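Source file: coords_20.cif. Holds: mmCIF, C-alpha atoms and all ligand atoms.
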```
data_run
#
loop_
_atom_site.group_PDB
_atom_site.id
_atom_site.type_symbol
_atom_site.label_atom_id
_atom_site.label_comp_id
_atom_site.auth_asym_id
_atom_site.auth_seq_id
_atom_site.Cartn_x
_atom_site.Cartn_y
_atom_site.Cartn_z
ATOM 1 C CA MET O 1 16.938 3.593 4.895
ATOM 2 C CA GLY O 2 14.315 1.166 3.607
ATOM 3 C CA GLU O 3 10.582 1.528 3.975
ATOM 4 C CA ALA O 4 10.374 -1.743 5.931
ATOM 5 C CA TRP O 5 13.005 -0.440 8.351
ATOM 6 C CA THR O 6 11.170 2.805 8.915
ATOM 7 C CA ARG O 7 8.023 0.901 9.738
ATOM 8 C CA GLY O 8 9.784 -0.833 12.589
ATOM 9 C CA THR O 9 10.702 -4.212 11.146
ATOM 10 C CA SER O 10 13.347 -5.404 8.736
ATOM 11 C CA SER O 11 12.414 -7.359 5.600
ATOM 12 C CA SER O 12 12.968 -10.541 7.657
ATOM 13 C CA GLY O 13 10.251 -9.335 10.038
ATOM 14 C CA LYS O 14 12.769 -8.665 12.819
ATOM 15 C CA PRO O 15 13.786 -5.277 14.158
ATOM 16 C CA PRO O 16 17.148 -4.012 12.908
ATOM 17 C CA ALA O 17 20.218 -5.070 14.872
ATOM 18 C CA GLY O 18 20.933 -2.970 17.942
ATOM 19 C CA ILE O 19 17.364 -1.690 18.260
ATOM 20 C CA ASP O 20 15.653 -2.814 21.473
ATOM 21 C CA THR O 21 11.913 -3.073 20.911
ATOM 22 C CA SER O 22 11.146 -4.454 24.353
ATOM 23 C CA VAL O 23 11.223 -1.052 26.068
ATOM 24 C CA ALA O 24 10.062 2.376 24.944
ATOM 25 C CA HIS O 25 12.686 4.939 23.902
ATOM 26 C CA SER O 26 12.107 8.671 24.221
ATOM 27 C CA ALA O 27 13.283 9.402 20.654
ATOM 28 C CA ARG O 28 10.785 6.911 19.232
ATOM 29 C CA VAL O 29 7.899 8.045 21.461
ATOM 30 C CA TYR O 30 8.555 11.605 20.269
ATOM 31 C CA ASP O 31 8.748 10.414 16.671
ATOM 32 C CA TYR O 32 5.371 8.681 16.969
ATOM 33 C CA ILE O 33 3.650 11.701 18.528
ATOM 34 C CA LEU O 34 5.114 13.922 15.793
ATOM 35 C CA GLY O 35 3.682 11.576 13.143
ATOM 36 C CA GLY O 36 6.884 9.688 12.240
ATOM 37 C CA LYS O 37 7.357 6.026 11.377
ATOM 38 C CA ASP O 38 10.455 5.135 13.397
ATOM 39 C CA ASN O 39 8.682 3.620 16.348
ATOM 40 C CA PHE O 40 7.488 0.295 17.691
ATOM 41 C CA GLU O 41 4.425 -0.980 19.532
ATOM 42 C CA VAL O 42 6.010 -0.369 22.938
ATOM 43 C CA ASP O 43 6.709 3.277 21.973
ATOM 44 C CA ARG O 44 3.192 3.769 20.621
ATOM 45 C CA GLN O 45 1.683 2.461 23.854
ATOM 46 C CA ALA O 46 3.830 4.845 25.903
ATOM 47 C CA ALA O 47 2.908 7.707 23.563
ATOM 48 C CA GLU O 48 -0.820 6.972 23.828
ATOM 49 C CA ALA O 49 -0.594 6.894 27.636
ATOM 50 C CA ALA O 50 1.383 10.146 27.704
ATOM 51 C CA THR O 51 -1.072 11.849 25.350
ATOM 52 C CA ALA O 52 -4.035 10.653 27.416
ATOM 53 C CA ALA O 53 -2.409 12.241 30.481
ATOM 54 C CA GLN O 54 -1.405 15.453 28.663
ATOM 55 C CA PRO O 55 -3.817 15.981 25.736
ATOM 56 C CA HIS O 56 -1.799 18.924 24.369
ATOM 57 C CA LEU O 57 1.370 16.875 24.018
ATOM 58 C CA ALA O 58 1.433 16.684 20.205
ATOM 59 C CA THR O 59 0.850 20.436 19.854
ATOM 60 C CA ALA O 60 3.445 21.124 22.525
ATOM 61 C CA MET O 61 6.001 18.974 20.697
ATOM 62 C CA ARG O 62 5.323 20.823 17.443
ATOM 63 C CA GLU O 63 5.790 24.107 19.321
ATOM 64 C CA ASN O 64 9.094 22.736 20.643
ATOM 65 C CA ARG O 65 10.261 22.328 17.037
ATOM 66 C CA ALA O 66 8.957 25.822 16.246
ATOM 67 C CA VAL O 67 10.762 27.488 19.157
ATOM 68 C CA MET O 68 13.926 25.575 18.242
ATOM 69 C CA ARG O 69 13.663 27.111 14.757
ATOM 70 C CA ARG O 70 13.150 30.597 16.193
ATOM 71 C CA ILE O 71 16.057 30.227 18.600
ATOM 72 C CA VAL O 72 18.519 28.783 16.079
ATOM 73 C CA ALA O 73 17.524 31.510 13.607
ATOM 74 C CA PHE O 74 18.209 34.105 16.333
ATOM 75 C CA LEU O 75 21.551 32.515 17.233
ATOM 76 C CA ALA O 76 22.730 32.254 13.623
ATOM 77 C CA GLY O 77 21.302 35.657 12.696
ATOM 78 C CA GLU O 78 21.304 38.353 15.378
ATOM 79 C CA ALA O 79 23.878 36.595 17.600
ATOM 80 C CA GLY O 80 26.171 35.702 14.672
ATOM 81 C CA ILE O 81 26.856 32.146 15.867
ATOM 82 C CA ARG O 82 28.301 29.764 13.275
ATOM 83 C CA GLN O 83 28.909 26.674 15.431
ATOM 84 C CA PHE O 84 26.278 24.511 17.107
ATOM 85 C CA LEU O 85 26.431 21.557 19.492
ATOM 86 C CA ASP O 86 22.988 19.949 19.610
ATOM 87 C CA ILE O 87 22.702 17.290 22.313
ATOM 88 C CA GLY O 88 19.677 14.982 22.322
ATOM 89 C CA THR O 89 19.110 15.779 18.690
ATOM 90 C CA GLY O 90 16.412 13.156 18.075
ATOM 91 C CA LEU O 91 15.309 11.657 14.795
ATOM 92 C CA PRO O 92 15.779 14.032 11.867
ATOM 93 C CA THR O 93 12.846 16.428 11.604
ATOM 94 C CA SER O 94 13.145 19.076 8.933
ATOM 95 C CA PRO O 95 14.171 21.786 9.205
ATOM 96 C CA ASN O 96 16.943 20.628 11.500
ATOM 97 C CA VAL O 97 19.667 22.739 13.076
ATOM 98 C CA HIS O 98 22.097 22.462 10.149
ATOM 99 C CA GLU O 99 19.397 23.571 7.706
ATOM 100 C CA ILE O 100 18.362 26.618 9.752
ATOM 101 C CA ALA O 101 21.925 27.663 10.610
ATOM 102 C CA GLY O 102 23.096 26.884 7.071
ATOM 103 C CA ALA O 103 20.484 29.239 5.636
ATOM 104 C CA ALA O 104 22.169 32.104 7.543
ATOM 105 C CA HIS O 105 25.753 30.886 7.193
ATOM 106 C CA PRO O 106 26.649 28.372 4.484
ATOM 107 C CA ASP O 107 29.818 27.670 6.485
ATOM 108 C CA ALA O 108 27.883 26.853 9.694
ATOM 109 C CA ARG O 109 29.136 23.795 11.574
ATOM 110 C CA VAL O 110 26.922 21.477 13.557
ATOM 111 C CA VAL O 111 27.708 18.563 15.849
ATOM 112 C CA TYR O 112 24.770 16.378 16.760
ATOM 113 C CA VAL O 113 24.840 14.072 19.790
ATOM 114 C CA ASP O 114 22.361 11.409 20.865
ATOM 115 C CA ASN O 115 22.551 8.043 22.611
ATOM 116 C CA ASP O 116 19.753 6.243 20.776
ATOM 117 C CA PRO O 117 20.726 3.573 18.201
ATOM 118 C CA ILE O 118 17.838 4.527 15.914
ATOM 119 C CA VAL O 119 19.042 8.134 15.812
ATOM 120 C CA LEU O 120 22.541 6.853 15.050
ATOM 121 C CA ALA O 121 21.211 4.861 12.093
ATOM 122 C CA HIS O 122 19.585 7.994 10.648
ATOM 123 C CA ALA O 123 22.690 10.060 11.321
ATOM 124 C CA ARG O 124 24.820 7.602 9.359
ATOM 125 C CA ALA O 125 22.487 7.997 6.411
ATOM 126 C CA LEU O 126 22.636 11.807 6.704
ATOM 127 C CA LEU O 127 26.414 11.917 6.927
ATOM 128 C CA THR O 128 27.219 9.353 4.262
ATOM 129 C CA GLY O 129 24.506 10.628 1.922
ATOM 130 C CA GLY O 130 25.682 14.194 1.392
ATOM 131 C CA GLY O 131 29.401 13.859 2.116
ATOM 132 C CA GLU O 132 28.939 16.709 4.610
ATOM 133 C CA ARG O 133 32.112 17.927 6.291
ATOM 134 C CA SER O 134 30.364 20.636 8.264
ATOM 135 C CA ILE O 135 28.118 18.210 10.172
ATOM 136 C CA ALA O 136 29.234 15.514 12.583
ATOM 137 C CA TYR O 137 27.374 13.058 14.725
ATOM 138 C CA ILE O 138 28.563 11.600 18.024
ATOM 139 C CA ASP O 139 26.896 8.524 19.474
ATOM 140 C CA ALA O 140 27.267 9.427 23.147
ATOM 141 C CA ASP O 141 25.416 9.949 26.368
ATOM 142 C CA ALA O 142 24.882 13.529 27.472
ATOM 143 C CA ARG O 143 25.943 12.484 30.949
ATOM 144 C CA GLU O 144 29.486 12.033 29.623
ATOM 145 C CA PRO O 145 30.464 15.592 28.727
ATOM 146 C CA ASP O 146 34.187 14.790 28.654
ATOM 147 C CA ARG O 147 33.612 12.082 26.085
ATOM 148 C CA ILE O 148 31.571 14.459 23.924
ATOM 149 C CA LEU O 149 34.063 17.304 24.217
ATOM 150 C CA GLY O 150 37.027 15.042 23.542
ATOM 151 C CA ALA O 151 35.466 13.213 20.597
ATOM 152 C CA PRO O 152 37.619 13.477 17.455
ATOM 153 C CA GLU O 153 34.480 14.206 15.401
ATOM 154 C CA LEU O 154 33.743 17.256 17.558
ATOM 155 C CA ARG O 155 37.339 18.488 17.463
ATOM 156 C CA ALA O 156 37.431 18.085 13.679
ATOM 157 C CA THR O 157 34.211 20.039 13.208
ATOM 158 C CA LEU O 158 34.096 22.758 15.864
ATOM 159 C CA ASP O 159 36.745 25.325 16.744
ATOM 160 C CA LEU O 160 36.419 25.625 20.537
ATOM 161 C CA SER O 161 38.314 28.907 20.579
ATOM 162 C CA GLU O 162 35.280 30.460 18.823
ATOM 163 C CA PRO O 163 31.763 30.775 20.311
ATOM 164 C CA VAL O 164 29.472 27.771 20.115
ATOM 165 C CA ALA O 165 25.741 27.503 20.774
ATOM 166 C CA LEU O 166 24.967 24.556 23.036
ATOM 167 C CA LEU O 167 21.424 23.336 22.338
ATOM 168 C CA LEU O 168 19.551 21.177 24.863
ATOM 169 C CA PHE O 169 15.997 20.870 23.578
ATOM 170 C CA GLY O 170 13.732 18.295 25.156
ATOM 171 C CA ILE O 171 16.487 16.249 26.779
ATOM 172 C CA LEU O 172 17.243 17.498 30.301
ATOM 173 C CA HIS O 173 13.964 16.197 31.731
ATOM 174 C CA PHE O 174 15.181 12.679 30.881
ATOM 175 C CA ILE O 175 18.171 13.205 33.161
ATOM 176 C CA PRO O 176 17.283 12.734 36.824
ATOM 177 C CA ASP O 177 18.872 14.841 39.553
ATOM 178 C CA GLU O 178 20.982 11.914 40.740
ATOM 179 C CA ASP O 179 22.758 11.977 37.350
ATOM 180 C CA ASP O 180 23.667 15.633 37.961
ATOM 181 C CA PRO O 181 22.229 17.441 34.923
ATOM 182 C CA TYR O 182 23.453 20.771 36.360
ATOM 183 C CA GLY O 183 27.035 19.511 36.591
ATOM 184 C CA MET O 184 26.727 18.136 33.080
ATOM 185 C CA VAL O 185 25.637 21.489 31.614
ATOM 186 C CA ALA O 186 28.318 23.316 33.618
ATOM 187 C CA ALA O 187 31.025 20.944 32.340
ATOM 188 C CA LEU O 188 29.946 21.438 28.742
ATOM 189 C CA LEU O 189 29.834 25.221 29.093
ATOM 190 C CA ALA O 190 33.216 25.320 30.849
ATOM 191 C CA SER O 191 34.873 24.126 27.640
ATOM 192 C CA LEU O 192 33.213 26.771 25.491
ATOM 193 C CA PRO O 193 34.619 30.301 25.187
ATOM 194 C CA ALA O 194 32.968 33.501 26.418
ATOM 195 C CA GLY O 195 30.357 34.644 23.932
ATOM 196 C CA SER O 196 29.002 31.098 23.602
ATOM 197 C CA TYR O 197 25.301 30.500 24.125
ATOM 198 C CA LEU O 198 23.163 27.959 25.939
ATOM 199 C CA ALA O 199 19.603 27.310 24.717
ATOM 200 C CA ILE O 200 17.281 25.038 26.714
ATOM 201 C CA GLN O 201 13.760 23.726 26.360
ATOM 202 C CA HIS O 202 12.552 21.880 29.463
ATOM 203 C CA PRO O 203 9.060 20.546 30.327
ATOM 204 C CA THR O 204 7.486 21.786 33.540
ATOM 205 C CA SER O 205 4.381 20.944 35.531
ATOM 206 C CA ASP O 206 4.253 24.490 36.973
ATOM 207 C CA PHE O 207 1.071 25.228 35.016
ATOM 208 C CA TYR O 208 -0.733 21.955 35.747
ATOM 209 C CA GLU O 209 -2.975 20.918 38.599
ATOM 210 C CA PRO O 210 -0.920 18.850 41.076
ATOM 211 C CA GLY O 211 -0.305 15.325 39.796
ATOM 212 C CA ARG O 212 -1.197 16.107 36.150
ATOM 213 C CA GLY O 213 1.078 15.801 33.123
ATOM 214 C CA ALA O 214 2.815 13.051 31.181
ATOM 215 C CA ALA O 215 5.707 12.222 33.521
ATOM 216 C CA ALA O 216 4.066 9.140 35.062
ATOM 217 C CA ALA O 217 3.251 7.668 31.644
ATOM 218 C CA TYR O 218 6.911 7.951 30.588
ATOM 219 C CA SER O 219 8.185 6.600 33.905
ATOM 220 C CA ASN O 220 5.756 3.654 33.748
ATOM 221 C CA ALA O 221 7.188 2.865 30.305
ATOM 222 C CA GLY O 222 10.713 2.797 31.761
ATOM 223 C CA ILE O 223 11.777 6.291 30.670
ATOM 224 C CA PRO O 224 12.850 8.493 33.606
ATOM 225 C CA PHE O 225 11.071 11.852 33.319
ATOM 226 C CA ARG O 226 11.573 14.812 35.672
ATOM 227 C CA TYR O 227 9.516 17.980 35.334
ATOM 228 C CA ARG O 228 11.375 20.999 36.715
ATOM 229 C CA THR O 229 9.999 24.139 38.245
ATOM 230 C CA ARG O 230 10.965 27.619 37.078
ATOM 231 C CA ALA O 231 13.427 27.862 39.982
ATOM 232 C CA GLU O 232 14.961 24.512 39.036
ATOM 233 C CA PHE O 233 15.119 25.567 35.380
ATOM 234 C CA SER O 234 16.826 28.821 36.279
ATOM 235 C CA ARG O 235 19.710 26.920 37.912
ATOM 236 C CA PHE O 236 20.784 25.787 34.432
ATOM 237 C CA VAL O 237 21.375 29.384 33.379
ATOM 238 C CA ASP O 238 22.888 30.626 36.650
ATOM 239 C CA GLY O 239 25.841 32.912 36.021
ATOM 240 C CA LEU O 240 24.936 33.457 32.359
ATOM 241 C CA ASP O 241 23.394 36.550 30.759
ATOM 242 C CA LEU O 242 19.823 35.820 29.757
ATOM 243 C CA VAL O 243 18.854 36.964 26.271
ATOM 244 C CA PRO O 244 15.545 38.897 26.320
ATOM 245 C CA PRO O 245 12.785 37.913 26.949
ATOM 246 C CA GLY O 246 14.482 35.613 29.496
ATOM 247 C CA ILE O 247 12.967 32.419 30.853
ATOM 248 C CA GLN O 248 9.583 32.018 29.198
ATOM 249 C CA PRO O 249 6.790 29.501 28.700
ATOM 250 C CA MET O 250 7.766 27.915 25.388
ATOM 251 C CA ALA O 251 5.358 29.740 23.078
ATOM 252 C CA GLU O 252 6.251 33.154 24.553
ATOM 253 C CA TRP O 253 9.889 33.204 23.451
ATOM 254 C CA ARG O 254 9.924 35.753 20.602
ATOM 255 C CA PRO O 255 6.634 34.401 19.247
ATOM 256 C CA GLU O 256 5.686 34.628 15.609
ATOM 257 C CA ALA O 257 2.034 33.796 16.251
ATOM 258 C CA GLY O 258 -0.290 36.436 17.680
ATOM 259 C CA PRO O 259 -1.645 36.043 21.232
ATOM 260 C CA ALA O 260 -4.933 34.587 19.962
ATOM 261 C CA THR O 261 -3.281 31.596 18.250
ATOM 262 C CA ARG O 262 -0.335 31.070 20.589
ATOM 263 C CA LEU O 263 -0.229 28.034 22.891
ATOM 264 C CA SER O 264 -1.003 28.933 26.481
ATOM 265 C CA PRO O 265 1.563 27.976 29.151
ATOM 266 C CA VAL O 266 -0.578 25.028 30.227
ATOM 267 C CA GLN O 267 -0.804 23.785 26.630
ATOM 268 C CA ALA O 268 2.906 24.268 25.965
ATOM 269 C CA GLY O 269 3.982 22.828 29.326
ATOM 270 C CA ALA O 270 7.642 23.813 29.031
ATOM 271 C CA TYR O 271 10.097 26.632 29.641
ATOM 272 C CA VAL O 272 12.718 27.893 27.238
ATOM 273 C CA ALA O 273 15.608 30.286 27.646
ATOM 274 C CA VAL O 274 18.655 31.447 25.731
ATOM 275 C CA ALA O 275 21.654 32.711 27.692
ATOM 276 C CA ARG O 276 25.140 33.928 26.868
ATOM 277 C CA LYS O 277 28.360 32.988 28.585
ATOM 278 C CA ARG O 278 29.936 36.163 29.805
ATOM 279 C CA HIS O 279 33.567 37.105 29.798
ATOM 280 C CA LEU O 280 35.039 36.582 33.259
ATOM 281 C CA PRO O 281 37.772 39.092 34.112
ATOM 282 C CA GLY O 282 41.185 37.449 34.492
ATOM 283 C CA PRO O 283 43.286 37.993 37.658
ATOM 284 C CA ASP O 284 44.965 41.105 36.177
ATOM 285 C CA GLU O 285 41.812 42.607 34.713
ATOM 286 C CA GLY O 286 39.705 45.080 36.619
ATOM 287 C CA HIS O 287 42.677 46.410 38.628
ATOM 288 C CA ARG O 288 43.871 48.830 36.006
ATOM 289 C CA ALA O 289 43.889 52.488 36.966
HETATM 290 C C1 LIG O 301 12.226 14.431 22.899
HETATM 291 S S1 LIG O 301 13.621 14.115 21.906
HETATM 292 C C2 LIG O 301 14.122 15.767 21.507
HETATM 293 C C3 LIG O 301 14.702 15.877 20.121
HETATM 294 C C4 LIG O 301 15.091 17.278 19.680
HETATM 295 N N1 LIG O 301 16.138 17.840 20.523
HETATM 296 C C5 LIG O 301 13.902 18.212 19.691
HETATM 297 O O1 LIG O 301 13.783 19.007 20.633
HETATM 298 O O2 LIG O 301 13.083 18.147 18.790
HETATM 299 C C6 LIG O 301 14.837 13.684 23.148
HETATM 300 C C7 LIG O 301 16.121 13.112 22.587
HETATM 301 O O3 LIG O 301 17.099 13.071 23.617
HETATM 302 C C8 LIG O 301 17.809 11.841 23.521
HETATM 303 N N2 LIG O 301 18.357 11.529 24.834
HETATM 304 C C9 LIG O 301 17.684 11.263 25.977
HETATM 305 N N3 LIG O 301 18.543 11.037 26.985
HETATM 306 C C10 LIG O 301 19.788 11.179 26.460
HETATM 307 C C11 LIG O 301 21.105 11.079 27.009
HETATM 308 N N4 LIG O 301 21.289 10.786 28.291
HETATM 309 N N5 LIG O 301 22.146 11.295 26.186
HETATM 310 C C12 LIG O 301 21.967 11.584 24.879
HETATM 311 N N6 LIG O 301 20.742 11.699 24.306
HETATM 312 C C13 LIG O 301 19.675 11.495 25.092
HETATM 313 C C14 LIG O 301 16.790 10.837 23.049
HETATM 314 O O4 LIG O 301 17.385 9.706 22.446
HETATM 315 C C15 LIG O 301 15.988 11.675 22.065
HETATM 316 O O5 LIG O 301 16.496 11.567 20.766
#
```

Target format structure tokens, applied to this file:
Amino acid sequence: MGEAWTRGTSSSGKPPAGIDTSVAHSARVYDYILGGKDNFEVDRQAAEAATAAQPHLATAMRENRAVMRRIVAFLAGEAGIRQFLDIGTGLPTSPNVHEIAGAAHPDARVVYVDNDPIVLAHARALLTGGGERSIAYIDADAREPDRILGAPELRATLDLSEPVALLLFGILHFIPDEDDPYGMVAALLASLPAGSYLAIQHPTSDFYEPGRGAAAAYSNAGIPFRYRTRAEFSRFVDGLDLVPPGIQPMAEWRPEAGPATRLSPVQAGAYVAVARKRHLPGPDEGHRA
């Protein structure tokens, strides 16, 4: 991937084919706030507006990466998970899921999914560069769980008879209620065996004064953005066994930093949780004498 490309224009001065620079994209806004180069003027304007509305946004996004690291390390370590399905993966930011999981299990398998063309371009470079067979990328929309689950790349990489960790970090708030994010998560989990895990990070305005936060800045830039309350968040993990410490403000999930340096809930502005799919007794189970 050339330097000119990463700065947002090709050597001819035009954006690469397939990349729409007329509207902001969430992956590129996130990239800009995290200090990356894969963004365009329209993304930078949206990012500046969002940061003006929520001054802790950059720190919160870094904490999102940190809690993702802690959670994937837990899943690969203590929970013994070797397979990961990361939806809304974003532009590569090291360490990524395959690096963290691979440190615990060299045979770990990871399927990344995103619907942004710029993420796809990076994924192609990642997958062709190292000749990785344990990592796959699917260019798909999270709102099409059947397409994701039926994708040949997923079937070739993951064994769906063995537990999988489904990772949804920083994506569900871009899926409005009318697109049924709860049904989407349920459909994905239904295809995974008992013992699988769901890990979610989701922004909330629960800790803000009414009307505060970055949602309006994203929406004004054409990116649907839906904060969810704790009760709305908890619907995603209904029927699953929450891993301690349960649903937490992002920085409070098994923190490494001491209380003095940890982000407060209002700074972090998001909930996280990890939950395990339990074994449901079959029709003949539970009736034995
Ligand atoms: C804020 S980034 C989060 C990246 C990464 N998961 C993390 O937490 O660091 C959100 C990502 O979700 C992707 N995304 C948003 N809506 C999506 C959808 N409907 N289907 C697939 N990906 C989506 C965006 O393209 C972007 O890469």

- So which residues are close to (6.4, 8.6, 13.1), meaning at most 12 Å away in the file's coordinates with all atoms listed in the file counted, and can you show them as a ChimeraX atom specification? /O:6-8,27-41,43-44,47,58,91-93

Please dump the current selection as a PDB file, in the frame of the given file; keep C-alpha atoms.
```
ATOM      1  CA  THR O   6      11.170   2.805   8.915  1.00  0.00           C
ATOM      2  CA  ARG O   7       8.023   0.901   9.738  1.00  0.00           C
ATOM      3  CA  GLY O   8       9.784  -0.833  12.589  1.00  0.00           C
ATOM      4  CA  ALA O  27      13.283   9.402  20.654  1.00  0.00           C
ATOM      5  CA  ARG O  28      10.785   6.911  19.232  1.00  0.00           C
ATOM      6  CA  VAL O  29       7.899   8.045  21.461  1.00  0.00           C
ATOM      7  CA  TYR O  30       8.555  11.605  20.269  1.00  0.00           C
ATOM      8  CA  ASP O  31       8.748  10.414  16.671  1.00  0.00           C
ATOM      9  CA  TYR O  32       5.371   8.681  16.969  1.00  0.00           C
ATOM     10  CA  ILE O  33       3.650  11.701  18.528  1.00  0.00           C
ATOM     11  CA  LEU O  34       5.114  13.922  15.793  1.00  0.00           C
ATOM     12  CA  GLY O  35       3.682  11.576  13.143  1.00  0.00           C
ATOM     13  CA  GLY O  36       6.884   9.688  12.240  1.00  0.00           C
ATOM     14  CA  LYS O  37       7.357   6.026  11.377  1.00  0.00           C
ATOM     15  CA  ASP O  38      10.455   5.135  13.397  1.00  0.00           C
ATOM     16  CA  ASN O  39       8.682   3.620  16.348  1.00  0.00           C
ATOM     17  CA  PHE O  40       7.488   0.295  17.691  1.00  0.00           C
ATOM     18  CA  GLU O  41       4.425  -0.980  19.532  1.00  0.00           C
ATOM     19  CA  ASP O  43       6.709   3.277  21.973  1.00  0.00           C
ATOM     20  CA  ARG O  44       3.192   3.769  20.621  1.00  0.00           C
ATOM     21  CA  ALA O  47       2.908   7.707  23.563  1.00  0.00           C
ATOM     22  CA  ALA O  58       1.433  16.684  20.205  1.00  0.00           C
ATOM     23  CA  LEU O  91      15.309  11.657  14.795  1.00  0.00           C
ATOM     24  CA  PRO O  92      15.779  14.032  11.867  1.00  0.00           C
ATOM     25  CA  THR O  93      12.846  16.428  11.604  1.00  0.00           C
TER      26      THR O  93
END
```

- Message: Give me the residues near O:Glu178 as a ChimeraX atom specification, where near means some atom within 12 Å (using all atoms listed in the file) and where sequence neighbours in that chain fewer than 5 positions away do not count.
- Response: /O:143,183-184,224,226

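Relative to atom CA of O:Ser191, atom CA of O:Ile138 is found at 17.0 Å.
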
- Message: Please return as an MDAnalysis selection string the residues found within 9 Å of ligand LIG 301 (chain O), counting all atoms listed in the file.
- Response: chainID O and resid 25:31 61:62 64:65 68 86:93 96 113:119 139:144 167:175 201

- Message: Take the PyMOL selection byres (((chain O and resi 155) around 12) and not hetatm), run it mentally on this structure, and tell me the resulting residues as JSON, numbers by chain.
- Response: {"O": [83, 85, 109, 110, 111, 134, 135, 136, 137, 138, 147, 148, 149, 150, 151, 152, 153, 154, 156, 157, 158, 159, 160, 161, 191]}

Box for stretch 204-212 of chain O - axis-aligned, 4 Å on each of the six sides, all listed atoms - centre and size in Å to one decimal, as JSON.
```
{"center_x": 2.3, "center_y": 20.3, "center_z": 37.3, "size_x": 18.5, "size_y": 17.9, "size_z": 15.5}
```

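Each of O:Ala270, O:Leu240, O:Leu189, O:Ile247 was compared to O:Arg228 using all atoms listed in the file, and O:Ala270 turns out to be the nearest.
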
- Message: Running the PyMOL selection byres (((chain O and resi 104) around 9) and not hetatm) on this model by hand, what would come out? Give it as a ChimeraX atom specification.
- Response: /O:73,76-77,80,82,99-103,105-108

- Skipping near chain neighbours, those fewer than 3 positions away, what residues fall within 8 Å of O:Ala251 using all atoms listed in the file, listed as a PyMOL selection string? chain O and resi 63+67+248+254-255+262-265+268

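For the pair atom CA of O:Ile81 and atom CA of O:Val164, the separation is 6.6 Å.
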
Give me, as a PDB file with C-alpha atoms, keeping the file's coordinate frame, all polymer residues having an atom no more than 7 Å from O:Leu242, counting only C-alpha atoms and skipping those fewer than 2 positions away in the same chain.
```
ATOM      1  CA  LEU O 240      24.936  33.457  32.359  1.00  0.00           C
ATOM      2  CA  PRO O 244      15.545  38.897  26.320  1.00  0.00           C
ATOM      3  CA  GLY O 246      14.482  35.613  29.496  1.00  0.00           C
ATOM      4  CA  VAL O 274      18.655  31.447  25.731  1.00  0.00           C
ATOM      5  CA  ALA O 275      21.654  32.711  27.692  1.00  0.00           C
ATOM      6  CA  ARG O 276      25.140  33.928  26.868  1.00  0.00           C
TER       7      ARG O 276
END
```

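Remark: for O:Ala273, the closest of the candidate residues O:Pro249, O:Pro145, O:Gly239, O:Pro95 is O:Pro249 (distances computed over only C-alpha atoms).
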
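Atom pair atom CA of O:Val97 / atom CA of O:Pro203 has a distance of 20.4 Å (rounded to one decimal).
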
Starting from the sparse input, extend stretch 55-66 of chain O to N, CA and C atoms and give the output as a short mmCIF file (atom, residue, chain, number, x, y, z; two decimals), in the frame of the given file.
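File produced: out.cif:
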```
data_model
loop_
_atom_site.label_atom_id
_atom_site.label_comp_id
_atom_site.auth_asym_id
_atom_site.auth_seq_id
_atom_site.Cartn_x
_atom_site.Cartn_y
_atom_site.Cartn_z
N PRO O 55 -3.20 15.97 27.08
CA PRO O 55 -3.82 15.98 25.74
C PRO O 55 -3.18 16.98 24.77
N HIS O 56 -2.42 17.94 25.26
CA HIS O 56 -1.80 18.92 24.37
C HIS O 56 -0.40 18.52 23.92
N LEU O 57 -0.02 17.27 24.23
CA LEU O 57 1.37 16.88 24.02
C LEU O 57 1.83 17.04 22.56
N ALA O 58 1.01 16.61 21.61
CA ALA O 58 1.43 16.68 20.20
C ALA O 58 1.63 18.14 19.79
N THR O 59 0.72 19.00 20.19
CA THR O 59 0.85 20.44 19.85
C THR O 59 2.07 21.02 20.54
N ALA O 60 2.29 20.61 21.79
CA ALA O 60 3.44 21.12 22.52
C ALA O 60 4.74 20.68 21.84
N MET O 61 4.78 19.45 21.37
CA MET O 61 6.00 18.97 20.70
C MET O 61 6.23 19.72 19.38
N ARG O 62 5.16 20.03 18.68
CA ARG O 62 5.32 20.82 17.44
C ARG O 62 5.82 22.22 17.79
N GLU O 63 5.31 22.78 18.90
CA GLU O 63 5.79 24.11 19.32
C GLU O 63 7.26 24.03 19.74
N ASN O 64 7.67 22.90 20.30
CA ASN O 64 9.09 22.74 20.64
C ASN O 64 9.94 22.85 19.38
N ARG O 65 9.51 22.21 18.30
CA ARG O 65 10.26 22.33 17.04
C ARG O 65 10.23 23.78 16.54
N ALA O 66 9.09 24.43 16.73
CA ALA O 66 8.96 25.82 16.25
C ALA O 66 9.87 26.76 17.04
#
```
